[in-house]
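Asks: Take this structure first; my questions come after.
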Amino acid sequence: MAEHSYKAALLVGRRSYQLGPDALICRDSEGCEIWRMAWSEVQGATFVDHKIKGLRMRRLDLIGSGKGQKQSISCTGAPGDPAADPEASAHLRLVADILDRLDAHRPGFEVGLGEYGKSRLAMFAIGVLSAGSAIVLFGLMLANGVSSDRMGEAAVPLIVLFIFGALLVVRQAPWRPVPQVSAALFATALRQALDPGAG
């Protein structure tokens with residue numbers, strides 16, 4: 001039975017994950033079981049990677065067969081190379097091993113890359129509001145006869161706000177399917193990113 005352990009975030013205790021023949025088991029730092037999910041229950045998986053306010057948040061969501069049945073395996077840390085961070089490295093090795101197990105239980109299993117569901121809709125809405133706010137503010141400045149000097153000062157923040165919003169709208173558009181890749185291939189890519197000389 002393979003086991004991985006890492007600290008998911010600064011204010012979160014250490015977690016250990018046991019990859020048994022039939023299930024994935026999550027335990028706290030005292031060894032008490034937090035949750036377990038049978039490999040046969042996993043109907044889908046999605047890997048999400050975000051940079052937020054100087055932090056890097058990665059998570060693997062395992063979506064079960066029951067309504068609302070989902071387990072997230074996440075790690076939040078510095079935005080740099082995960083190979084240089086022991087916690088991020090341990091997390092990505094765990095993700096790779098989980099994906100291998102899922103592929104072994106269901107050959108050809110695929111993992112989604114990016115946000116999905118309500119989170120994706122929320123990010124899309126933030127993008128629409130950001131881009132729309134930039135356009136409305138620019139229009140109000142024109143309508144109120146703001147001087148060209150003041151418009152020049154406001155140009156950079158408005159352009160940044162618009163670009164941020166537009167990128168979110170394009171990337172998180174709910175009508176676009178979440179990209180899917182082979183779980184086995186993605187697991188290999190994660191390992192090579194952590195240890196380029198191994199491949």
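In the structure tokens, chains take the letters A, B, ... in the order shown, each chain's residues start at 1, and ligands count up from 1 in the order shown.
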Pick out the residues sitting within 6 Å of range 4-18 of chain A, and hand them over as a list in words; count only C-alpha atoms, and ignore anything fewer than 6 positions along from it in its own chain.

Replies: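 These residues fall inside the cut-off: Leu24, Ile25, Cys26, Arg27, Asp28, Ser29, Cys75, Thr76 and Glu87 of chain A.
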
Asks: I'd like to know which residues of range 4-199 of chain A are helix (DSSP H, G or I) (by DSSP, run on the backbone); could you write them as a ChimeraX atom specification?

Replies: /A:39-41,82-84,86-105,117-143,148-171,183-194,196-198

Asks: Contacts of Pro179 in chain A at 10 Å or less, counting only C-alpha atoms, minus same-chain residues fewer than 6 places along, as a PDB file with C-alpha atoms, in the first residue's frame?

Replies:
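To be explicit, this is the file written out as out_21.pdb:
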ATOM      1  CA  THR A  46     -10.151  17.278 -12.551  1.00  0.00           C
ATOM      2  CA  GLU A 110      -9.123  10.835 -18.503  1.00  0.00           C
ATOM      3  CA  VAL A 111      -8.578  13.813 -16.216  1.00  0.00           C
ATOM      4  CA  GLY A 112     -10.006  17.286 -16.807  1.00  0.00           C
ATOM      5  CA  LEU A 113      -7.703  20.300 -16.692  1.00  0.00           C
ATOM      6  CA  GLY A 114      -9.183  23.490 -15.236  1.00  0.00           C
ATOM      7  CA  GLU A 115     -12.138  24.733 -13.253  1.00  0.00           C
TER       8      GLU A 115
END

Asks: List every residue of range 22-155 of chain A that DSSP, applied to the backbone of this structure, places in strand (DSSP E or B), and write the result as an NGL selection string.

Replies: :A and (23-27 or 33-38 or 42-52 or 55-64 or 70-77 or 110-113)

Asks: If we count only C-alpha atoms and set the cut-off at 8 Å, which residues sit around Ala131 in chain A, ignoring sequence neighbours fewer than 4 positions away in its own chain? Please answer as a PDB file with N, CA, C and O atoms, in the first residue's frame.

Replies:
ATOM      1  N   GLY A 127     -15.076  37.663 -14.575  1.00  0.00           N
ATOM      2  CA  GLY A 127     -14.494  38.180 -15.816  1.00  0.00           C
ATOM      3  C   GLY A 127     -15.419  39.150 -16.519  1.00  0.00           C
ATOM      4  O   GLY A 127     -14.998  40.227 -16.972  1.00  0.00           O
ATOM      5  N   ILE A 135     -15.196  49.011 -19.215  1.00  0.00           N
ATOM      6  CA  ILE A 135     -15.871  49.693 -20.330  1.00  0.00           C
ATOM      7  C   ILE A 135     -16.791  50.793 -19.798  1.00  0.00           C
ATOM      8  O   ILE A 135     -16.809  51.917 -20.315  1.00  0.00           O
ATOM      9  N   LEU A 161      -7.659  46.041 -15.993  1.00  0.00           N
ATOM     10  CA  LEU A 161      -8.938  45.484 -15.554  1.00  0.00           C
ATOM     11  C   LEU A 161      -9.672  44.816 -16.712  1.00  0.00           C
ATOM     12  O   LEU A 161     -10.212  43.708 -16.576  1.00  0.00           O
ATOM     13  N   PHE A 162      -9.663  45.461 -17.872  1.00  0.00           N
ATOM     14  CA  PHE A 162     -10.342  44.897 -19.044  1.00  0.00           C
ATOM     15  C   PHE A 162      -9.662  43.603 -19.504  1.00  0.00           C
ATOM     16  O   PHE A 162     -10.335  42.603 -19.778  1.00  0.00           O
ATOM     17  N   ILE A 163      -8.332  43.611 -19.575  1.00  0.00           N
ATOM     18  CA  ILE A 163      -7.605  42.416 -20.024  1.00  0.00           C
ATOM     19  C   ILE A 163      -7.816  41.261 -19.045  1.00  0.00           C
ATOM     20  O   ILE A 163      -8.061  40.118 -19.455  1.00  0.00           O
ATOM     21  N   PHE A 164      -7.734  41.554 -17.739  1.00  0.00           N
ATOM     22  CA  PHE A 164      -7.991  40.527 -16.726  1.00  0.00           C
ATOM     23  C   PHE A 164      -9.375  39.904 -16.934  1.00  0.00           C
ATOM     24  O   PHE A 164      -9.534  38.683 -16.954  1.00  0.00           O
ATOM     25  N   GLY A 165     -10.388  40.759 -17.085  1.00  0.00           N
ATOM     26  CA  GLY A 165     -11.749  40.273 -17.288  1.00  0.00           C
ATOM     27  C   GLY A 165     -11.903  39.482 -18.573  1.00  0.00           C
ATOM     28  O   GLY A 165     -12.530  38.414 -18.591  1.00  0.00           O
ATOM     29  N   ALA A 166     -11.322  40.005 -19.655  1.00  0.00           N
ATOM     30  CA  ALA A 166     -11.438  39.329 -20.947  1.00  0.00           C
ATOM     31  C   ALA A 166     -10.780  37.949 -20.921  1.00  0.00           C
ATOM     32  O   ALA A 166     -11.316  36.976 -21.472  1.00  0.00           O
TER      33      ALA A 166
END

Asks: Go through A:Leu94, A:Ala23, A:Ala187, A:Leu137 and flag the residue nearest Ala155 in chain A, using only C-alpha atoms for the distances.

Replies: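 Checking each of A:Leu94, A:Ala23, A:Ala187, A:Leu137 against Ala155 in chain A, counting only C-alpha atoms, the winner is A:Leu137.
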
Asks: Taking only residues of range 92-170 of chain A that have an atom at most 7 Å from an atom of range 189-194 of chain A, what is each one's shortest atom pair and its distance in Å to one decimal, using only C-alpha atoms, in chain and number order, as CSV?

Replies:
residue,atom,partner,partner_atom,distance
A:Leu92,CA,A:Leu190,CA,6.6
A:Arg93,CA,A:Arg191,CA,6.8
A:Ala96,CA,A:Leu190,CA,6.4

Asks: Enter the distance from CA of Pro79 in chain A to CA of Val160 in chain A, in Å, rounded to one decimal.

Replies: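 Interatomic distance, CA of Pro79 in chain A to CA of Val160 in chain A: 21.2 Å.
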
Asks: Please identify all polymer residues within 8 Å of Arg58 in chain A, counting only C-alpha atoms, omitting same-chain residues fewer than 5 positions from it, and present them as a ChimeraX atom specification.

Replies: /A:47-50,74-76

Asks: Could you write those residues out with C-alpha atoms, as a short mmCIF file (atom, residue, chain, number, x, y, z; two decimals), in the first residue's frame?

Replies:
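Written output follows (again24.cif):
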data_model
loop_
_atom_site.label_atom_id
_atom_site.label_comp_id
_atom_site.auth_asym_id
_atom_site.auth_seq_id
_atom_site.Cartn_x
_atom_site.Cartn_y
_atom_site.Cartn_z
CA PHE A 47 -6.80 18.96 -11.91
CA VAL A 48 -6.88 22.70 -11.18
CA ASP A 49 -3.86 25.03 -10.97
CA HIS A 50 -4.22 28.71 -9.96
CA SER A 74 -5.02 20.32 -2.59
CA CYS A 75 -1.77 22.11 -1.85
CA THR A 76 -1.19 25.85 -1.50
#

Asks: If we count only C-alpha atoms, what is near Val42 in chain A at a cut-off of 9 Å, once residues fewer than 5 positions away on the same chain are taken out, given as number ranges by chain?

Replies: A: 37, 62-65, 70, 102

Asks: Let me make sure I understand: among A:Gly66, A:Pro21, A:Gly108, A:Gly54, which one has the smallest atom-to-atom distance to Ala184 in chain A if we use only C-alpha atoms?

Replies: A:Gly108
